[in-house]
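Asker: Take this structure, written in structure tokens, and hold onto it; I'll ask about it next.
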Amino acid sequence: MDLKRKLARLTSVGPGGKSPPKPPVAEPQAEPAARADDTPAPRAEAGVPDALAAQLAKLVQARRMEAPSTPVPGTAETASQNATPAGAESQVARAEGTVEAPAARPVTATPPSAPRDPRIDSLRRMLSDWSERQGLAAARRGTPPPAPPGPLPVESRATAHGTVHVSERILSPEHHHGSAPLAAALDVEGSLVASLALHADLAGVDFQRMLFLDTETTGLAGGTGTVPFLVGLAWFEGRSLKVHQLFLRRLGEEAPMLRSLAERMAASSCLVTFNGKSFDWPLLRTRFVLNRVPAPAELPHLDLLHCARRVFKHRGAGTRLVHLEDQVLGFRRVDDVDGSLIPDLYFRYLRGGDGSALTPVLEHNVNDLLLLAALLGELVRRFRAGDPGASVPRDADPRDLLGFAGVALRARDYERAQAFARAAAAGDTGAVGIEALAMASRLSRKAGDASAAAAHLHQALKTAQGFQAAPLHLQLTKLYEHGLKDLARALHHAKLASAAELPVDHHRRILRLETRLARSTRAASLDLGMGSPRSGT
């Protein structure tokens, strides 16, 4: 290409480095420019005036002066801009007769990378900062590293019924659960237990061979879909308590566990449970049937839930095991697993979870068994204080004494009930004391002592307020009308007992007493009138 065409190209370059097409112009052919490495000094092309070469050099210099700031290397714009001046300078060098180094090869353009989202970088920085802070906090607290997963705390045993998975421990005779010794359960009398439970069949039971039972299940709904995966048993060997837990490692392997349970029940004299009459034993009986295992003969059953409800109902804090454990025995569990979480922990184990995560469940079951033994001994010990010739402790809770009085009254042990009622009345002047005096009045009336019954009621009226007084006045009304035959006092108390009965009944009672009182007054006056003449003659 000759210099004129190159000059025209340089002067007509538009945006993007492309020149508009122009019709070709016939120009004299120029010899190809010699490379710098072939000849040291290329000569000017023939037929081109020196003035044209000088004009070309000025145009190149002007474009250099007008060029913008240096572009970013590696872009397409940089490559296109570098290519044209390099060719122009080569022509200028040939025109001026000078030698220059060959121009640098243009850089290949690369496509720009996609822009990064600044929010991702921000989140990464936040996570990094949080992780660093957590590590520093753990280092300051000195938190030990988490323990590695451990095995299930049970051992496999081969028995005549198949393989069972067992956890066992033996507690010494001196062991206490809270303030109550476990061995005190061996000292209970059958007659007292029968009175506490209101179950006459327990009077002849040998409590040296009793069996404590508590289960942990896959739910609390009961029925065929609920499976007892942990059956906790405890019995005395000498005066030591042996805890024996049967664990179900896989669903469908209940038969060996149930046969072992039946074998232990056959060697026992009775069952001791907490809500076992309504939940544990009916559930186990269903599992015997579903697994086609012969169910053992039913034993006399002592359900301590019913005993606790009768005795401790005046506390108002409920009769859950953990409440009784804390308030009656003074034992508070530490890091105990909540009963509502136990089914989920077992299902996680079945799905391949850590076996050691069930260790708190086994400990929870052990504490329930120990509570059964301790609570039985404690209930009988307190109930024994009402024996004839014994003295009820003055520091005992009046609410519990009133509960024991009610149990003895229902068991028709009136002497024991009177002792507990008087002790409760002496220890409280509020609602508990008033109810205790009312009970003492009923017991005195049963014993035929109407005067003592009235004295207890009058003593209760001294502290009764508002609606508490009306039932007392009603009892005094009946006592004076039928027991002491004092109609005037009966009418007086009847008028004050309107809040204790229906208006119709109250009106009928008042009318009857007034009629009887008027009749007795007329009879007395007639008797007096008939007696006066005889005395005057």
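In the structure tokens, the first chain shown is A, the next is B, and so on; residue numbers restart at 1 for each chain, and ligands run from 1 in the order shown.
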What lies within 12 Å of Leu376 in chain A using only C-alpha atoms, ignoring chain neighbours under 4 positions off, as an MDAnalysis selection string?
Answerer: chainID A and resid 177 180:190 192:193 196:197 207 210 212 272:274 302:305 307:308 324:325 328:329 369:372 380:383
Asker: Hey, what's within 7 Å of Leu299 in chain A if we count only C-alpha atoms and toss same-chain stuff fewer than 4 positions away? As a list in words, please?
Answerer: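 My reading of the contact set: Ser269, Cys270 and Leu271 of chain A.
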Asker: Give me a file of those residues, with N, CA and C atoms, as a short mmCIF file (atom, residue, chain, number, x, y, z; two decimals), in the first residue's frame.
Answerer:
```cif
data_model
loop_
_atom_site.label_atom_id
_atom_site.label_comp_id
_atom_site.auth_asym_id
_atom_site.auth_seq_id
_atom_site.Cartn_x
_atom_site.Cartn_y
_atom_site.Cartn_z
N SER A 269 -43.98 -60.34 95.19
CA SER A 269 -45.24 -60.43 95.94
C SER A 269 -46.25 -59.36 95.54
N CYS A 270 -45.77 -58.20 95.05
CA CYS A 270 -46.68 -57.13 94.65
C CYS A 270 -45.92 -56.16 93.75
N LEU A 271 -46.68 -55.32 93.06
CA LEU A 271 -46.11 -54.25 92.23
C LEU A 271 -46.27 -52.93 92.95
#
```
Asker: Out of A:Gly135, A:Gly352, A:Gly222, A:Gly339, which residue has the shortest atom-to-atom distance to Asn365 in chain A when counting only C-alpha atoms?
Answerer: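 That would be A:Gly339, the residue with the smallest distance to Asn365 in chain A.
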Asker: Which residues are close to range 231-242 of chain A, i.e. within 9 Å by only C-alpha atoms, leaving aside same-chain residues fewer than 6 positions away? Reply as a PyMOL selection string.
Answerer: chain A and resi 168-175+182-183+186+208-217+248+257+261+264+268+362+365-366+368-370+373
Asker: Using only C-alpha atoms, which residues sit within 7 Å of range 460-469 of chain A once same-chain residues fewer than 2 positions away are excluded, as a ChimeraX atom specification?
Answerer: /A:429,434,437,456-458,471-473
Asker: Residues within 9 Å of Thr226 in chain A, please, as an NGL selection string. Count only C-alpha atoms; anything in the same chain fewer than 6 positions from it doesn't count.
Answerer: :A and (217-220 or 283)
Asker: Using the selection just defined, write its residues with N, CA, C and O atoms as a PDB file, in the first residue's frame.
Answerer:
```pdb
ATOM      1  N   THR A 217     -41.511 -44.829  77.516  1.00  0.00           N
ATOM      2  CA  THR A 217     -42.206 -45.283  76.320  1.00  0.00           C
ATOM      3  C   THR A 217     -42.008 -44.317  75.157  1.00  0.00           C
ATOM      4  O   THR A 217     -41.456 -43.225  75.314  1.00  0.00           O
ATOM      5  N   THR A 218     -42.492 -44.751  73.985  1.00  0.00           N
ATOM      6  CA  THR A 218     -42.395 -43.919  72.780  1.00  0.00           C
ATOM      7  C   THR A 218     -43.499 -42.876  72.711  1.00  0.00           C
ATOM      8  O   THR A 218     -43.593 -42.163  71.714  1.00  0.00           O
ATOM      9  N   GLY A 219     -44.326 -42.780  73.711  1.00  0.00           N
ATOM     10  CA  GLY A 219     -45.387 -41.783  73.748  1.00  0.00           C
ATOM     11  C   GLY A 219     -46.234 -41.977  74.986  1.00  0.00           C
ATOM     12  O   GLY A 219     -46.076 -42.947  75.730  1.00  0.00           O
ATOM     13  N   LEU A 220     -47.146 -41.030  75.207  1.00  0.00           N
ATOM     14  CA  LEU A 220     -48.002 -41.072  76.389  1.00  0.00           C
ATOM     15  C   LEU A 220     -49.450 -41.371  76.040  1.00  0.00           C
ATOM     16  O   LEU A 220     -50.305 -41.356  76.924  1.00  0.00           O
ATOM     17  N   LEU A 283     -50.348 -50.933  79.605  1.00  0.00           N
ATOM     18  CA  LEU A 283     -49.526 -50.916  78.396  1.00  0.00           C
ATOM     19  C   LEU A 283     -48.703 -52.193  78.268  1.00  0.00           C
ATOM     20  O   LEU A 283     -48.625 -52.807  77.184  1.00  0.00           O
TER      21      LEU A 283
END
```
Asker: With DSSP run on the backbone, what are the helix (DSSP H, G or I) residues within range 336-442 of chain A? I'd like them as a ChimeraX atom specification.
Answerer: /A:339-350,355-384,398-410,414-427,431-442
